$ cat protein36.cif   # mmCIF, C-alpha atoms
data_target
loop_
_atom_site.label_atom_id
_atom_site.label_comp_id
_atom_site.auth_asym_id
_atom_site.auth_seq_id
_atom_site.Cartn_x
_atom_site.Cartn_y
_atom_site.Cartn_z
CA MET S 97 -8.59 19.34 10.51
CA GLN S 98 -5.97 18.03 8.07
CA LEU S 99 -4.53 20.69 5.76
CA LEU S 100 -2.57 18.29 3.57
CA SER S 101 -4.20 16.30 0.81
CA ARG S 102 -4.38 12.52 1.00
CA ARG S 103 -1.90 12.43 -1.90
CA SER S 104 0.57 14.60 0.04
CA LEU S 105 0.26 12.42 3.13
CA LEU S 106 0.78 9.31 1.04
CA GLY S 107 3.84 10.90 -0.59
CA LEU S 108 5.29 11.69 2.83
CA ALA S 109 4.64 8.17 4.10
CA ALA S 110 6.16 6.64 0.95
CA VAL S 111 9.33 8.74 1.09
CA VAL S 112 9.91 8.14 4.81
CA ASP S 113 9.22 4.42 4.34
CA ILE S 114 11.67 4.26 1.41
CA ALA S 115 14.26 6.27 3.37
CA HIS S 116 14.09 3.67 6.13
CA HIS S 117 13.80 0.46 4.10
CA SER S 118 15.92 1.15 0.98
CA ARG S 119 19.23 0.18 2.50
CA PRO S 120 20.84 -1.97 1.09
CA THR S 121 18.34 -2.61 -1.73
CA PRO S 122 15.63 -0.41 -3.29
CA VAL S 123 12.03 -0.71 -2.09
CA ALA S 124 9.64 -2.40 -4.50
CA ALA S 125 6.35 -0.59 -5.12
CA LYS S 126 4.50 -3.80 -4.21
CA ALA S 127 6.17 -3.95 -0.78
CA LEU S 128 5.43 -0.29 -0.18
CA ALA S 129 1.82 -0.70 -1.28
CA SER S 130 1.45 -3.73 0.97
CA ARG S 131 2.77 -1.89 4.04
CA HIS S 132 0.28 0.93 3.44
CA ALA S 133 -2.66 -1.20 2.26
CA LEU S 134 -2.83 0.40 -1.19
CA PRO S 135 -3.19 -1.02 -4.68
CA PRO S 136 0.28 -0.81 -6.35
CA ARG S 137 -1.13 0.93 -9.46
CA HIS S 138 -2.51 3.74 -7.30
CA LEU S 139 0.86 4.27 -5.65
CA GLU S 140 2.93 3.99 -8.84
CA THR S 141 1.73 7.31 -10.31
CA LEU S 142 2.71 9.14 -7.14
CA LEU S 143 6.11 7.42 -7.04
CA GLN S 144 6.76 8.45 -10.64
CA THR S 145 5.86 12.04 -9.75
CA LEU S 146 8.40 11.92 -6.92
CA VAL S 147 11.02 10.59 -9.37
CA ARG S 148 10.33 13.47 -11.79
CA HIS S 149 10.87 15.92 -8.92
CA ASN S 150 14.23 14.35 -7.98
CA ILE S 151 13.01 13.11 -4.61
CA LEU S 152 13.11 9.41 -5.50
CA LYS S 153 15.16 7.44 -7.97
CA GLY S 154 13.73 4.44 -9.80
CA VAL S 155 15.97 1.38 -10.03
CA ARG S 156 15.16 -1.14 -12.76
CA GLY S 157 15.72 -4.87 -12.73
CA PRO S 158 14.71 -7.90 -10.69
CA ARG S 159 15.83 -6.26 -7.44
CA GLY S 160 14.61 -2.86 -8.55
CA GLY S 161 12.34 -0.43 -6.83
CA TYR S 162 12.76 3.03 -5.38
CA GLU S 163 15.39 4.76 -3.30
CA LEU S 164 16.04 8.35 -2.34
CA ALA S 165 17.52 10.54 -5.06
CA ARG S 166 19.21 12.74 -2.46
CA GLU S 167 20.33 12.42 1.15
CA ARG S 168 17.34 12.30 3.47
CA ARG S 169 18.58 15.41 5.30
CA ARG S 170 18.35 17.30 1.98
CA ILE S 171 14.70 16.44 1.27
CA THR S 172 12.09 18.50 3.07
CA VAL S 173 8.45 17.83 3.75
CA GLY S 174 7.75 20.94 1.66
CA ASP S 175 9.58 19.38 -1.32
CA ILE S 176 7.40 16.27 -1.12
CA VAL S 177 4.14 18.19 -0.68
CA ARG S 178 4.93 20.48 -3.63
CA ALA S 179 5.70 17.44 -5.81
CA ALA S 180 2.52 15.63 -4.76
CA MET S 181 0.42 18.75 -5.38
CA SER S 182 2.01 19.42 -8.77
CA ASP S 183 0.28 16.49 -10.47
CA ALA S 184 -2.99 16.65 -8.54
CA SER S 185 -5.80 16.94 -11.02
CA SER S 186 -7.99 19.88 -10.06
CA GLU S 187 -8.82 20.85 -13.63
CA ASP S 188 -12.11 18.97 -13.33
CA GLU S 189 -13.38 21.49 -10.79
CA PRO S 190 -14.56 24.85 -12.15
CA ALA S 191 -12.68 27.87 -10.78
CA PRO S 192 -14.83 30.58 -9.24
CA VAL S 193 -15.11 33.76 -11.28
CA SER S 194 -15.24 36.46 -8.66
CA THR S 195 -13.55 39.76 -7.94
CA LEU S 196 -13.76 38.93 -4.23
CA VAL S 197 -11.88 35.66 -4.81
CA ASP S 198 -9.35 37.20 -7.21
CA GLN S 199 -8.51 40.31 -5.19
CA ILE S 200 -9.07 39.32 -1.56
CA ILE S 201 -9.49 35.61 -0.84
CA ALA S 202 -6.95 34.07 -3.24
CA PRO S 203 -4.07 36.40 -2.22
CA ALA S 204 -4.78 35.77 1.49
CA VAL S 205 -4.93 31.99 0.98
CA ASN S 206 -1.82 32.04 -1.22
CA GLN S 207 0.10 33.95 1.45
CA ALA S 208 -1.04 31.47 4.12
CA SER S 209 -0.10 28.56 1.83
CA GLN S 210 3.39 29.99 1.31
CA SER S 211 3.81 30.36 5.08
CA PHE S 212 2.61 26.79 5.62
CA LEU S 213 5.02 25.44 2.98
CA ALA S 214 7.87 27.48 4.49
CA GLU S 215 7.21 25.76 7.81
CA LEU S 216 7.16 22.36 6.09
CA ASP S 217 10.51 23.23 4.51
CA GLN S 218 11.98 23.25 8.02
CA ILE S 219 11.20 19.54 8.48
CA THR S 220 13.42 17.02 6.69
CA VAL S 221 12.93 13.36 5.87
CA GLU S 222 15.84 12.79 8.28
CA ASP S 223 13.76 14.39 11.08
CA LEU S 224 10.75 12.19 10.31
CA CYS S 225 12.87 9.02 10.06
CA ARG S 226 14.54 9.79 13.38
CA ASP S 227 11.15 10.33 15.05
CA ALA S 228 9.76 7.13 13.52
CA GLU S 229 12.78 5.14 14.65
CA ARG S 230 12.65 6.67 18.14
CA GLN S 231 9.00 5.63 18.42
CA HIS S 232 9.66 2.17 16.91
CA VAL S 233 7.22 2.70 14.04
CA PHE S 234 9.26 0.44 11.74
CA GLY S 235 9.57 -2.47 14.13
CA GLY S 236 10.79 -3.33 17.58
CA THR S 237 8.54 -2.19 20.38
CA PRO S 238 5.12 -1.36 18.87
CA ALA S 239 4.03 2.24 19.11
CA ASN S 240 0.59 3.78 18.88
CA ILE S 241 1.54 5.41 15.60
CA ASP S 242 0.41 3.92 12.32
CA PHE S 243 1.76 5.03 8.94
CA ALA S 244 -1.24 3.53 7.10
CA ILE S 245 -3.18 6.15 5.22
#

$ encode --input "protein36.cif" --output "structure tokens"
Amino acid sequence: MQLLSRRSLLGLAAVVDIAHHSRPTPVAAKALASRHALPPRHLETLLQTLVRHNILKGVRGPRGGYELARERRRITVGDIVRAAMSDASSEDEPAPVSTLVDQIIAPAVNQASQSFLAELDQITVEDLCRDAERQHVFGGTPANIDFAI
């Protein structure tokens, strides 16, 4: 069972991909979308969210694209997940009106969510890049791991 949203997983894949490919030039959204089989417009809103949260930096111009706003060892998985979740539109779904939810279920789930995010804060983009490079996800000897979402 996957606890992270598709948007969070995509955000993680995008940031790790950019961390790996943005040297020496920024990564174009089209290239990123192509590597992950996504329409560029779909990805662009998420990338802009990551820029607003100081995870990515947008670079304008003919060789523009995205690069990390901070060192990859200073960006955690928790940072990326929080950013991706911050703009997720859940206002369309009605919230339950229930004393059971308000007093028992929501506090328990919130506490579990905080624990989960605290664990994700222990994993950095550096850690994920190192694992991906070790397993040749970005090239070299093919691995059985696929970043496509």

$ closest_residue --input "protein36.cif" --among "S:Ser194, S:Ile151, S:His117, S:Gly174" --to "Ser211 in chain S" --atoms "all atoms listed in the file"
S:Gly174

$ residues_around --input "protein36.cif" --residues "Leu164 in chain S" --least-positions-apart "4" --cutoff "7 Å" --atoms "all atoms listed in the file" --output "PDB file with C-alpha atoms, in the frame of the given file"
ATOM      1  CA  ALA S 115      14.260   6.270   3.370  1.00  0.00           C
ATOM      2  CA  ILE S 151      13.010  13.110  -4.610  1.00  0.00           C
ATOM      3  CA  LEU S 152      13.110   9.410  -5.500  1.00  0.00           C
ATOM      4  CA  LYS S 153      15.160   7.440  -7.970  1.00  0.00           C
TER       5      LYS S 153
END

$ resolve_selection --input "protein36.cif" --expression "the PyMOL selection byres ((chain S and resi 222) around 10)" --output "list in words"
Val112, Ala115, His116, Glu167, Arg168, Arg169, Arg170, Ile171, Thr172, Ile219, Thr220, Val221, Asp223, Leu224, Cys225, Arg226, Asp227 and Ala228 of chain S

$ atom_distance --input "protein36.cif" --atom1 "CA of Gln144 in chain S" --atom2 "CA of Leu100 in chain S"
19.6 Å

$ atom_distance --input "protein36.cif" --atom1 "CA of Arg159 in chain S" --atom2 "CA of Leu106 in chain S"
23.3 Å

$ closest_residue --input "protein36.cif" --among "S:Gly154, S:Val111, S:Val173, S:Leu128" --to "Phe212 in chain S" --atoms "only C-alpha atoms"
S:Val173

$ resolve_selection --input "protein36.cif" --expression "the PyMOL selection byres ((chain S and resi 132-138) around 12)" --output "MDAnalysis selection string"
chainID S and resid 103 105:110 113 124:131 139:144 242:245

$ atom_distance --input "protein36.cif" --atom1 "CA of Arg119 in chain S" --atom2 "CA of Glu163 in chain S"
8.3 Å

$ residues_around --input "protein36.cif" --residues "Ser104 in chain S" --least-positions-apart "5" --cutoff "8 Å" --atoms "only C-alpha atoms" --output "list in words"
Ile176, Val177, Ala180 and Met181 of chain S

$ axis_aligned_box --input "protein36.cif" --around "range 206-215 of chain S" --padding-each-side "8 Å" --output "AutoDock Vina command-line options"
--center_x 3.0 --center_y 29.7 --center_z 3.3 --size_x 25.7 --size_y 24.5 --size_z 25.0

$ closest_residue --input "protein36.cif" --among "S:Val123, S:Val193, S:Ala179, S:Ala202" --to "Thr145 in chain S" --atoms "all atoms listed in the file"
S:Ala179

$ closest_residue --input "protein36.cif" --among "S:Arg102, S:Arg148, S:Arg166, S:Arg230" --to "Ile114 in chain S" --atoms "all atoms listed in the file"
S:Arg166
